[in-house]
file query_32.cif (mmCIF, N, CA and C atoms)
data_structure
#
loop_
_atom_site.group_PDB
_atom_site.id
_atom_site.type_symbol
_atom_site.label_atom_id
_atom_site.label_comp_id
_atom_site.auth_asym_id
_atom_site.auth_seq_id
_atom_site.Cartn_x
_atom_site.Cartn_y
_atom_site.Cartn_z
ATOM 1 N N MET Y 1 68.157 60.987 73.216
ATOM 2 C CA MET Y 1 67.436 59.897 73.854
ATOM 3 C C MET Y 1 66.208 59.573 73.016
ATOM 4 N N THR Y 2 65.945 58.310 72.809
ATOM 5 C CA THR Y 2 64.813 57.858 72.013
ATOM 6 C C THR Y 2 63.595 57.657 72.899
ATOM 7 N N GLU Y 3 62.478 58.216 72.466
ATOM 8 C CA GLU Y 3 61.240 58.017 73.216
ATOM 9 C C GLU Y 3 60.600 56.688 72.804
ATOM 10 N N VAL Y 4 60.053 56.006 73.762
ATOM 11 C CA VAL Y 4 59.407 54.725 73.521
ATOM 12 C C VAL Y 4 57.909 54.901 73.762
ATOM 13 N N ALA Y 5 57.106 54.479 72.785
ATOM 14 C CA ALA Y 5 55.655 54.567 72.934
ATOM 15 C C ALA Y 5 55.194 53.529 73.957
ATOM 16 N N VAL Y 6 54.323 53.943 74.847
ATOM 17 C CA VAL Y 6 53.792 53.065 75.883
ATOM 18 C C VAL Y 6 52.310 52.857 75.631
ATOM 19 N N GLU Y 7 51.900 51.594 75.585
ATOM 20 C CA GLU Y 7 50.476 51.302 75.435
ATOM 21 C C GLU Y 7 49.786 51.516 76.770
ATOM 22 N N LYS Y 8 48.621 52.123 76.727
ATOM 23 C CA LYS Y 8 47.865 52.369 77.948
ATOM 24 C C LYS Y 8 46.437 51.907 77.765
ATOM 25 N N ASP Y 9 45.877 51.355 78.824
ATOM 26 C CA ASP Y 9 44.462 51.016 78.855
ATOM 27 C C ASP Y 9 43.765 52.081 79.682
ATOM 28 N N VAL Y 10 42.723 52.658 79.131
ATOM 29 C CA VAL Y 10 41.938 53.642 79.869
ATOM 30 C C VAL Y 10 40.826 52.892 80.595
ATOM 31 N N VAL Y 11 40.794 53.025 81.916
ATOM 32 C CA VAL Y 11 39.816 52.334 82.743
ATOM 33 C C VAL Y 11 38.991 53.386 83.475
ATOM 34 N N THR Y 12 37.691 53.358 83.274
ATOM 35 C CA THR Y 12 36.814 54.291 83.974
ATOM 36 C C THR Y 12 36.572 53.776 85.393
ATOM 37 N N TRP Y 13 35.989 54.636 86.230
ATOM 38 C CA TRP Y 13 35.648 54.210 87.587
ATOM 39 C C TRP Y 13 34.663 53.053 87.557
ATOM 40 N N ASP Y 14 33.714 53.108 86.640
ATOM 41 C CA ASP Y 14 32.751 52.011 86.515
ATOM 42 C C ASP Y 14 33.440 50.719 86.080
ATOM 43 N N ASP Y 15 34.389 50.829 85.136
ATOM 44 C CA ASP Y 15 35.167 49.658 84.716
ATOM 45 C C ASP Y 15 35.924 49.066 85.903
ATOM 46 N N LEU Y 16 36.573 49.941 86.661
ATOM 47 C CA LEU Y 16 37.357 49.491 87.815
ATOM 48 C C LEU Y 16 36.462 48.802 88.842
ATOM 49 N N ALA Y 17 35.315 49.373 89.110
ATOM 50 C CA ALA Y 17 34.382 48.761 90.061
ATOM 51 C C ALA Y 17 33.963 47.370 89.593
ATOM 52 N N GLY Y 18 33.714 47.214 88.300
ATOM 53 C CA GLY Y 18 33.352 45.914 87.748
ATOM 54 C C GLY Y 18 34.481 44.908 87.838
ATOM 55 N N LEU Y 19 35.694 45.352 87.541
ATOM 56 C CA LEU Y 19 36.859 44.466 87.627
ATOM 57 C C LEU Y 19 37.104 44.018 89.063
ATOM 58 N N VAL Y 20 36.975 44.959 90.003
ATOM 59 C CA VAL Y 20 37.180 44.631 91.413
ATOM 60 C C VAL Y 20 36.100 43.659 91.895
ATOM 61 N N ALA Y 21 34.855 43.888 91.494
ATOM 62 C CA ALA Y 21 33.764 42.986 91.884
ATOM 63 C C ALA Y 21 34.023 41.574 91.363
ATOM 64 N N HIS Y 22 34.486 41.477 90.123
ATOM 65 C CA HIS Y 22 34.791 40.173 89.527
ATOM 66 C C HIS Y 22 35.928 39.491 90.283
ATOM 67 N N LEU Y 23 36.972 40.247 90.588
ATOM 68 C CA LEU Y 23 38.101 39.697 91.337
ATOM 69 C C LEU Y 23 37.675 39.260 92.732
ATOM 70 N N ALA Y 24 36.830 40.051 93.374
ATOM 71 C CA ALA Y 24 36.347 39.694 94.716
ATOM 72 C C ALA Y 24 35.576 38.383 94.683
ATOM 73 N N ASP Y 25 34.781 38.189 93.659
ATOM 74 C CA ASP Y 25 34.028 36.934 93.530
ATOM 75 C C ASP Y 25 34.964 35.732 93.366
ATOM 76 N N GLN Y 26 36.102 35.948 92.719
ATOM 77 C CA GLN Y 26 37.054 34.859 92.477
ATOM 78 C C GLN Y 26 37.964 34.581 93.665
ATOM 79 N N THR Y 27 38.079 35.532 94.591
ATOM 80 C CA THR Y 27 39.056 35.392 95.674
ATOM 81 C C THR Y 27 38.419 35.369 97.058
ATOM 82 N N ARG Y 28 37.141 35.035 97.133
ATOM 83 C CA ARG Y 28 36.469 34.973 98.439
ATOM 84 C C ARG Y 28 37.229 34.028 99.359
ATOM 85 N N GLY Y 29 37.374 34.430 100.599
ATOM 86 C CA GLY Y 29 38.062 33.597 101.575
ATOM 87 C C GLY Y 29 38.219 34.345 102.877
ATOM 88 N N ASP Y 30 38.984 33.780 103.777
ATOM 89 C CA ASP Y 30 39.225 34.385 105.079
ATOM 90 C C ASP Y 30 40.660 34.894 105.105
ATOM 91 N N TYR Y 31 40.830 36.198 104.986
ATOM 92 C CA TYR Y 31 42.158 36.813 104.925
ATOM 93 C C TYR Y 31 42.354 37.750 106.102
ATOM 94 N N ASP Y 32 43.586 37.831 106.598
ATOM 95 C CA ASP Y 32 43.928 38.739 107.690
ATOM 96 C C ASP Y 32 44.452 40.074 107.179
ATOM 97 N N VAL Y 33 45.137 40.047 106.057
ATOM 98 C CA VAL Y 33 45.813 41.243 105.558
ATOM 99 C C VAL Y 33 45.914 41.181 104.040
ATOM 100 N N MET Y 34 46.031 42.351 103.420
ATOM 101 C CA MET Y 34 46.235 42.443 101.972
ATOM 102 C C MET Y 34 47.524 43.227 101.729
ATOM 103 N N LEU Y 35 48.297 42.802 100.752
ATOM 104 C CA LEU Y 35 49.491 43.520 100.337
ATOM 105 C C LEU Y 35 49.179 44.251 99.040
ATOM 106 N N ALA Y 36 49.357 45.570 99.037
ATOM 107 C CA ALA Y 36 49.067 46.390 97.862
ATOM 108 C C ALA Y 36 50.355 46.987 97.321
ATOM 109 N N ILE Y 37 50.502 46.973 96.012
ATOM 110 C CA ILE Y 37 51.648 47.585 95.355
ATOM 111 C C ILE Y 37 51.289 49.046 95.067
ATOM 112 N N THR Y 38 52.141 49.957 95.527
ATOM 113 C CA THR Y 38 51.764 51.370 95.494
ATOM 114 C C THR Y 38 51.792 52.015 94.112
ATOM 115 N N ARG Y 39 52.439 51.462 93.166
ATOM 116 C CA ARG Y 39 52.523 52.086 91.836
ATOM 117 C C ARG Y 39 51.232 51.859 91.049
ATOM 118 N N GLY Y 40 50.140 52.395 91.567
ATOM 119 C CA GLY Y 40 48.863 52.302 90.876
ATOM 120 C C GLY Y 40 47.900 51.293 91.469
ATOM 121 N N GLY Y 41 48.299 50.617 92.533
ATOM 122 C CA GLY Y 41 47.453 49.566 93.063
ATOM 123 C C GLY Y 41 46.730 49.883 94.359
ATOM 124 N N LEU Y 42 46.938 51.065 94.931
ATOM 125 C CA LEU Y 42 46.321 51.348 96.221
ATOM 126 C C LEU Y 42 44.805 51.507 96.140
ATOM 127 N N VAL Y 43 44.320 52.204 95.139
ATOM 128 C CA VAL Y 43 42.872 52.392 95.020
ATOM 129 C C VAL Y 43 42.164 51.068 94.745
ATOM 130 N N PRO Y 44 42.608 50.279 93.751
ATOM 131 C CA PRO Y 44 41.963 48.969 93.560
ATOM 132 C C PRO Y 44 42.081 48.080 94.793
ATOM 133 N N ALA Y 45 43.218 48.134 95.478
ATOM 134 C CA ALA Y 45 43.391 47.316 96.681
ATOM 135 C C ALA Y 45 42.399 47.732 97.763
ATOM 136 N N GLY Y 46 42.215 49.022 97.940
ATOM 137 C CA GLY Y 46 41.249 49.500 98.921
ATOM 138 C C GLY Y 46 39.834 49.067 98.586
ATOM 139 N N MET Y 47 39.490 49.148 97.315
ATOM 140 C CA MET Y 47 38.154 48.725 96.881
ATOM 141 C C MET Y 47 37.963 47.225 97.105
ATOM 142 N N LEU Y 48 38.997 46.450 96.789
ATOM 143 C CA LEU Y 48 38.916 44.995 96.966
ATOM 144 C C LEU Y 48 38.860 44.635 98.447
ATOM 145 N N ALA Y 49 39.683 45.290 99.249
ATOM 146 C CA ALA Y 49 39.675 45.021 100.689
ATOM 147 C C ALA Y 49 38.299 45.306 101.281
ATOM 148 N N TYR Y 50 37.678 46.378 100.852
ATOM 149 C CA TYR Y 50 36.345 46.714 101.344
ATOM 150 C C TYR Y 50 35.353 45.604 101.000
ATOM 151 N N ARG Y 51 35.405 45.135 99.756
ATOM 152 C CA ARG Y 51 34.473 44.075 99.326
ATOM 153 C C ARG Y 51 34.711 42.764 100.067
ATOM 154 N N LEU Y 52 35.967 42.482 100.408
ATOM 155 C CA LEU Y 52 36.305 41.223 101.069
ATOM 156 C C LEU Y 52 36.295 41.336 102.588
ATOM 157 N N GLY Y 53 36.068 42.525 103.116
ATOM 158 C CA GLY Y 53 36.048 42.710 104.561
ATOM 159 C C GLY Y 53 37.420 42.666 105.203
ATOM 160 N N ILE Y 54 38.448 43.022 104.448
ATOM 161 C CA ILE Y 54 39.816 43.028 104.966
ATOM 162 C C ILE Y 54 40.099 44.425 105.525
ATOM 163 N N ARG Y 55 40.483 44.482 106.802
ATOM 164 C CA ARG Y 55 40.716 45.775 107.445
ATOM 165 C C ARG Y 55 42.178 46.211 107.403
ATOM 166 N N ASN Y 56 43.093 45.289 107.205
ATOM 167 C CA ASN Y 56 44.527 45.599 107.231
ATOM 168 C C ASN Y 56 45.107 45.519 105.824
ATOM 169 N N ILE Y 57 45.683 46.634 105.379
ATOM 170 C CA ILE Y 57 46.325 46.682 104.066
ATOM 171 C C ILE Y 57 47.769 47.143 104.260
ATOM 172 N N LEU Y 58 48.698 46.362 103.757
ATOM 173 C CA LEU Y 58 50.109 46.745 103.764
ATOM 174 C C LEU Y 58 50.464 47.281 102.393
ATOM 175 N N GLY Y 59 51.259 48.330 102.352
ATOM 176 C CA GLY Y 59 51.684 48.900 101.078
ATOM 177 C C GLY Y 59 53.148 48.610 100.817
ATOM 178 N N ALA Y 60 53.459 48.240 99.588
ATOM 179 C CA ALA Y 60 54.840 47.981 99.179
ATOM 180 C C ALA Y 60 55.180 48.914 98.032
ATOM 181 N N ALA Y 61 56.324 49.572 98.149
ATOM 182 C CA ALA Y 61 56.749 50.515 97.110
ATOM 183 C C ALA Y 61 58.129 50.131 96.594
ATOM 184 N N ARG Y 62 58.318 50.398 95.328
ATOM 185 C CA ARG Y 62 59.623 50.200 94.718
ATOM 186 C C ARG Y 62 59.813 51.304 93.701
ATOM 187 N N ALA Y 63 60.919 51.999 93.792
ATOM 188 C CA ALA Y 63 61.205 53.072 92.851
ATOM 189 C C ALA Y 63 61.587 52.480 91.504
ATOM 190 N N PRO Y 64 61.200 53.142 90.407
ATOM 191 C CA PRO Y 64 61.625 52.665 89.091
ATOM 192 C C PRO Y 64 63.147 52.627 88.983
ATOM 193 N N ALA Y 65 63.663 51.728 88.183
ATOM 194 C CA ALA Y 65 65.108 51.522 88.063
ATOM 195 C C ALA Y 65 65.837 52.741 87.517
ATOM 196 N N ASP Y 66 65.149 53.619 86.784
ATOM 197 C CA ASP Y 66 65.844 54.743 86.175
ATOM 198 C C ASP Y 66 65.931 55.961 87.092
ATOM 199 N N LEU Y 67 65.422 55.890 88.323
ATOM 200 C CA LEU Y 67 65.549 56.990 89.269
ATOM 201 C C LEU Y 67 66.875 56.885 90.012
ATOM 202 N N PRO Y 68 67.502 58.023 90.306
ATOM 203 C CA PRO Y 68 68.751 57.961 91.090
ATOM 204 C C PRO Y 68 68.441 57.505 92.519
ATOM 205 N N PRO Y 69 69.406 56.894 93.180
ATOM 206 C CA PRO Y 69 69.167 56.441 94.555
ATOM 207 C C PRO Y 69 68.928 57.614 95.492
ATOM 208 N N VAL Y 70 68.114 57.381 96.502
ATOM 209 C CA VAL Y 70 67.827 58.399 97.502
ATOM 210 C C VAL Y 70 68.865 58.289 98.600
ATOM 211 N N PRO Y 71 69.544 59.414 98.913
ATOM 212 C CA PRO Y 71 70.539 59.324 99.998
ATOM 213 C C PRO Y 71 69.866 59.007 101.324
ATOM 214 N N GLY Y 72 70.499 58.196 102.123
ATOM 215 C CA GLY Y 72 69.812 57.782 103.311
ATOM 216 C C GLY Y 72 70.572 57.813 104.534
#

call {"tool": "encode", "arguments": {"input": "query_32.cif", "output": "C-alpha cells"}}
result
Amino acid sequence: MTEVAVEKDVVTWDDLAGLVAHLADQTRGDYDVMLAITRGGLVPAGMLAYRLGIRNILGAARAPADLPPVPG
C-alpha cells in the first residue's frame, strides 16, 4: 500500500479564537440552531455558538469511506 502525504495546518488555540471571532463578526444574525460536523468541527462550533448566543447545536457525523460498515 502506498502512503500519501497529507498537508496539515497547525492552528494554535489563539489562532482558533481569532478565526472564530472573525467568523462570528461575518455571520451575525438571529439563529435558532447550529449544525456542527463532528470530524474536527465540534470545538470551533461550540466557540462560535457561544459568541453568537446560539444555545442549540446539532452534530452530524459521517464515517470515512475506507472504514468497514458497522453492523446494525

call {"tool": "select_by_dssp", "arguments": {"input": "query_32.cif", "residues": "chain Y", "states": "helix (DSSP H, G or I)", "output": "PyMOL selection string"}}
result
chain Y and resi 13-26+42-52

call {"tool": "write_last_selection", "arguments": {"input": "query_32.cif", "atoms": "N, CA and C atoms", "output": "compact mmCIF listing (two decimals), in the frame of the given file"}}
result
# COMPACT_ATOMS: atom_id res chain seq x y z
N TRP Y 13 35.99 54.64 86.23
CA TRP Y 13 35.65 54.21 87.59
C TRP Y 13 34.66 53.05 87.56
N ASP Y 14 33.71 53.11 86.64
CA ASP Y 14 32.75 52.01 86.52
C ASP Y 14 33.44 50.72 86.08
N ASP Y 15 34.39 50.83 85.14
CA ASP Y 15 35.17 49.66 84.72
C ASP Y 15 35.92 49.07 85.90
N LEU Y 16 36.57 49.94 86.66
CA LEU Y 16 37.36 49.49 87.82
C LEU Y 16 36.46 48.80 88.84
N ALA Y 17 35.32 49.37 89.11
CA ALA Y 17 34.38 48.76 90.06
C ALA Y 17 33.96 47.37 89.59
N GLY Y 18 33.71 47.21 88.30
CA GLY Y 18 33.35 45.91 87.75
C GLY Y 18 34.48 44.91 87.84
N LEU Y 19 35.69 45.35 87.54
CA LEU Y 19 36.86 44.47 87.63
C LEU Y 19 37.10 44.02 89.06
N VAL Y 20 36.98 44.96 90.00
CA VAL Y 20 37.18 44.63 91.41
C VAL Y 20 36.10 43.66 91.90
N ALA Y 21 34.85 43.89 91.49
CA ALA Y 21 33.76 42.99 91.88
C ALA Y 21 34.02 41.57 91.36
N HIS Y 22 34.49 41.48 90.12
CA HIS Y 22 34.79 40.17 89.53
C HIS Y 22 35.93 39.49 90.28
N LEU Y 23 36.97 40.25 90.59
CA LEU Y 23 38.10 39.70 91.34
C LEU Y 23 37.67 39.26 92.73
N ALA Y 24 36.83 40.05 93.37
CA ALA Y 24 36.35 39.69 94.72
C ALA Y 24 35.58 38.38 94.68
N ASP Y 25 34.78 38.19 93.66
CA ASP Y 25 34.03 36.93 93.53
C ASP Y 25 34.96 35.73 93.37
N GLN Y 26 36.10 35.95 92.72
CA GLN Y 26 37.05 34.86 92.48
C GLN Y 26 37.96 34.58 93.66
N LEU Y 42 46.94 51.06 94.93
CA LEU Y 42 46.32 51.35 96.22
C LEU Y 42 44.80 51.51 96.14
N VAL Y 43 44.32 52.20 95.14
CA VAL Y 43 42.87 52.39 95.02
C VAL Y 43 42.16 51.07 94.74
N PRO Y 44 42.61 50.28 93.75
CA PRO Y 44 41.96 48.97 93.56
C PRO Y 44 42.08 48.08 94.79
N ALA Y 45 43.22 48.13 95.48
CA ALA Y 45 43.39 47.32 96.68
C ALA Y 45 42.40 47.73 97.76
N GLY Y 46 42.22 49.02 97.94
CA GLY Y 46 41.25 49.50 98.92
C GLY Y 46 39.83 49.07 98.59
N MET Y 47 39.49 49.15 97.32
CA MET Y 47 38.15 48.72 96.88
C MET Y 47 37.96 47.22 97.10
N LEU Y 48 39.00 46.45 96.79
CA LEU Y 48 38.92 45.00 96.97
C LEU Y 48 38.86 44.64 98.45
N ALA Y 49 39.68 45.29 99.25
CA ALA Y 49 39.67 45.02 100.69
C ALA Y 49 38.30 45.31 101.28
N TYR Y 50 37.68 46.38 100.85
CA TYR Y 50 36.34 46.71 101.34
C TYR Y 50 35.35 45.60 101.00
N ARG Y 51 35.40 45.14 99.76
CA ARG Y 51 34.47 44.08 99.33
C ARG Y 51 34.71 42.76 100.07
N LEU Y 52 35.97 42.48 100.41
CA LEU Y 52 36.30 41.22 101.07
C LEU Y 52 36.30 41.34 102.59

call {"tool": "residues_around", "arguments": {"input": "query_32.cif", "residues": "range 32-38 of chain Y", "least_positions_apart": "5", "cutoff": "6 Å", "atoms": "only C-alpha atoms", "output": "PyMOL selection string"}}
result
chain Y and resi 45+56-61

call {"tool": "closest_residue", "arguments": {"input": "query_32.cif", "among": "Y:Leu48, Y:Val4, Y:Ala63, Y:Val43", "to": "Ala21 in chain Y", "atoms": "all atoms listed in the file"}}
result
Y:Leu48

call {"tool": "atom_distance", "arguments": {"input": "query_32.cif", "atom1": "atom C of Asp9 in chain Y", "atom2": "atom C of Met47 in chain Y"}}
result
19.0 Å

call {"tool": "select_by_dssp", "arguments": {"input": "query_32.cif", "residues": "chain Y", "states": "strand (DSSP E)", "output": "ChimeraX atom specification"}}
result
/Y:34-37,57-60

call {"tool": "resolve_selection", "arguments": {"input": "query_32.cif", "expression": "the PyMOL selection byres (((chain Y and resi 28 and name CA) around 12) and name CA)", "output": "list in words"}}
result
Val20, Ala21, His22, Leu23, Ala24, Asp25, Gln26, Thr27, Gly29, Asp30, Tyr31, Leu48, Ala49, Arg51, Leu52, Gly53 and Ile54 of chain Y

call {"tool": "write_last_selection", "arguments": {"input": "query_32.cif", "atoms": "N, CA and C atoms", "output": "mmCIF file, keeping the file's coordinate frame"}}
result
data_model
loop_
_atom_site.group_PDB
_atom_site.id
_atom_site.type_symbol
_atom_site.label_atom_id
_atom_site.label_comp_id
_atom_site.auth_asym_id
_atom_site.auth_seq_id
_atom_site.Cartn_x
_atom_site.Cartn_y
_atom_site.Cartn_z
ATOM 1 N N VAL Y 20 36.975 44.959 90.003
ATOM 2 C CA VAL Y 20 37.180 44.631 91.413
ATOM 3 C C VAL Y 20 36.100 43.659 91.895
ATOM 4 N N ALA Y 21 34.855 43.888 91.494
ATOM 5 C CA ALA Y 21 33.764 42.986 91.884
ATOM 6 C C ALA Y 21 34.023 41.574 91.363
ATOM 7 N N HIS Y 22 34.486 41.477 90.123
ATOM 8 C CA HIS Y 22 34.791 40.173 89.527
ATOM 9 C C HIS Y 22 35.928 39.491 90.283
ATOM 10 N N LEU Y 23 36.972 40.247 90.588
ATOM 11 C CA LEU Y 23 38.101 39.697 91.337
ATOM 12 C C LEU Y 23 37.675 39.260 92.732
ATOM 13 N N ALA Y 24 36.830 40.051 93.374
ATOM 14 C CA ALA Y 24 36.347 39.694 94.716
ATOM 15 C C ALA Y 24 35.576 38.383 94.683
ATOM 16 N N ASP Y 25 34.781 38.189 93.659
ATOM 17 C CA ASP Y 25 34.028 36.934 93.530
ATOM 18 C C ASP Y 25 34.964 35.732 93.366
ATOM 19 N N GLN Y 26 36.102 35.948 92.719
ATOM 20 C CA GLN Y 26 37.054 34.859 92.477
ATOM 21 C C GLN Y 26 37.964 34.581 93.665
ATOM 22 N N THR Y 27 38.079 35.532 94.591
ATOM 23 C CA THR Y 27 39.056 35.392 95.674
ATOM 24 C C THR Y 27 38.419 35.369 97.058
ATOM 25 N N GLY Y 29 37.374 34.430 100.599
ATOM 26 C CA GLY Y 29 38.062 33.597 101.575
ATOM 27 C C GLY Y 29 38.219 34.345 102.877
ATOM 28 N N ASP Y 30 38.984 33.780 103.777
ATOM 29 C CA ASP Y 30 39.225 34.385 105.079
ATOM 30 C C ASP Y 30 40.660 34.894 105.105
ATOM 31 N N TYR Y 31 40.830 36.198 104.986
ATOM 32 C CA TYR Y 31 42.158 36.813 104.925
ATOM 33 C C TYR Y 31 42.354 37.750 106.102
ATOM 34 N N LEU Y 48 38.997 46.450 96.789
ATOM 35 C CA LEU Y 48 38.916 44.995 96.966
ATOM 36 C C LEU Y 48 38.860 44.635 98.447
ATOM 37 N N ALA Y 49 39.683 45.290 99.249
ATOM 38 C CA ALA Y 49 39.675 45.021 100.689
ATOM 39 C C ALA Y 49 38.299 45.306 101.281
ATOM 40 N N ARG Y 51 35.405 45.135 99.756
ATOM 41 C CA ARG Y 51 34.473 44.075 99.326
ATOM 42 C C ARG Y 51 34.711 42.764 100.067
ATOM 43 N N LEU Y 52 35.967 42.482 100.408
ATOM 44 C CA LEU Y 52 36.305 41.223 101.069
ATOM 45 C C LEU Y 52 36.295 41.336 102.588
ATOM 46 N N GLY Y 53 36.068 42.525 103.116
ATOM 47 C CA GLY Y 53 36.048 42.710 104.561
ATOM 48 C C GLY Y 53 37.420 42.666 105.203
ATOM 49 N N ILE Y 54 38.448 43.022 104.448
ATOM 50 C CA ILE Y 54 39.816 43.028 104.966
ATOM 51 C C ILE Y 54 40.099 44.425 105.525
#

call {"tool": "atom_distance", "arguments": {"input": "query_32.cif", "atom1": "CA of Trp13 in chain Y", "atom2": "CA of Gly46 in chain Y"}}
result
13.5 Å

call {"tool": "closest_residue", "arguments": {"input": "query_32.cif", "among": "Y:Tyr50, Y:Arg55, Y:Val70, Y:Pro44", "to": "Leu16 in chain Y", "atoms": "only N, CA and C atoms"}}
result
Y:Pro44

call {"tool": "atom_distance", "arguments": {"input": "query_32.cif", "atom1": "CA of Arg62 in chain Y", "atom2": "CA of Gly40 in chain Y"}}
result
11.6 Å

call {"tool": "closest_residue", "arguments": {"input": "query_32.cif", "among": "Y:Glu3, Y:Thr12, Y:Arg39, Y:Ala17", "to": "Pro64 in chain Y", "atoms": "only C-alpha atoms"}}
result
Y:Arg39

call {"tool": "decode", "arguments": {"input": "query_32.cif", "residues": "range 3-19 of chain Y", "atoms": "N, CA, C and O atoms", "output": "CSV table (one decimal), in the first residue's frame"}}
result
chain,number,residue,atom,x,y,z
Y,3,GLU,N,1.7,5.1,0.8
Y,3,GLU,CA,1.3,6.1,1.7
Y,3,GLU,C,1.2,7.5,1.0
Y,3,GLU,O,2.1,7.7,0.1
Y,4,VAL,N,0.3,8.2,1.3
Y,4,VAL,CA,0.0,9.5,0.7
Y,4,VAL,C,0.3,10.6,1.7
Y,4,VAL,O,-0.2,10.6,2.8
Y,5,ALA,N,1.2,11.6,1.4
Y,5,ALA,CA,1.5,12.7,2.3
Y,5,ALA,C,0.3,13.6,2.4
Y,5,ALA,O,-0.4,13.9,1.4
Y,6,VAL,N,-0.1,14.0,3.6
Y,6,VAL,CA,-1.2,14.9,3.8
Y,6,VAL,C,-0.7,16.2,4.4
Y,6,VAL,O,0.1,16.2,5.3
Y,7,GLU,N,-1.1,17.3,3.7
Y,7,GLU,CA,-0.8,18.6,4.2
Y,7,GLU,C,-1.6,18.9,5.4
Y,7,GLU,O,-2.8,18.6,5.4
Y,8,LYS,N,-1.0,19.5,6.4
Y,8,LYS,CA,-1.7,19.9,7.6
Y,8,LYS,C,-1.4,21.3,8.0
Y,8,LYS,O,-0.3,21.8,7.8
Y,9,ASP,N,-2.4,22.0,8.5
Y,9,ASP,CA,-2.2,23.4,9.0
Y,9,ASP,C,-2.2,23.2,10.5
Y,9,ASP,O,-3.1,22.6,11.1
Y,10,VAL,N,-1.2,23.8,11.2
Y,10,VAL,CA,-1.2,23.8,12.6
Y,10,VAL,C,-1.8,25.0,13.1
Y,10,VAL,O,-1.4,26.1,12.8
Y,11,VAL,N,-2.9,24.9,13.9
Y,11,VAL,CA,-3.6,26.0,14.4
Y,11,VAL,C,-3.6,26.0,15.9
Y,11,VAL,O,-3.9,25.0,16.6
Y,12,THR,N,-3.1,27.1,16.5
Y,12,THR,CA,-3.0,27.2,18.0
Y,12,THR,C,-4.4,27.6,18.5
Y,12,THR,O,-5.2,28.0,17.8
Y,13,TRP,N,-4.5,27.5,19.8
Y,13,TRP,CA,-5.8,27.9,20.4
Y,13,TRP,C,-6.0,29.4,20.2
Y,13,TRP,O,-7.1,29.8,19.9
Y,14,ASP,N,-5.0,30.2,20.2
Y,14,ASP,CA,-5.1,31.6,20.0
Y,14,ASP,C,-5.5,31.9,18.5
Y,14,ASP,O,-6.3,32.8,18.2
Y,15,ASP,N,-4.9,31.1,17.6
Y,15,ASP,CA,-5.3,31.2,16.2
Y,15,ASP,C,-6.8,30.9,16.0
Y,15,ASP,O,-7.5,31.6,15.3
Y,16,LEU,N,-7.2,29.8,16.6
Y,16,LEU,CA,-8.6,29.3,16.5
Y,16,LEU,C,-9.5,30.4,17.1
Y,16,LEU,O,-10.6,30.7,16.5
Y,17,ALA,N,-9.2,31.0,18.2
Y,17,ALA,CA,-10.0,32.0,18.8
Y,17,ALA,C,-10.2,33.2,17.9
Y,17,ALA,O,-11.3,33.8,17.7
Y,18,GLY,N,-9.1,33.6,17.2
Y,18,GLY,CA,-9.1,34.7,16.3
Y,18,GLY,C,-9.9,34.4,15.0
Y,18,GLY,O,-10.7,35.2,14.6
Y,19,LEU,N,-9.8,33.2,14.5
Y,19,LEU,CA,-10.6,32.7,13.4
Y,19,LEU,C,-12.1,32.7,13.7
Y,19,LEU,O,-12.9,33.1,12.9
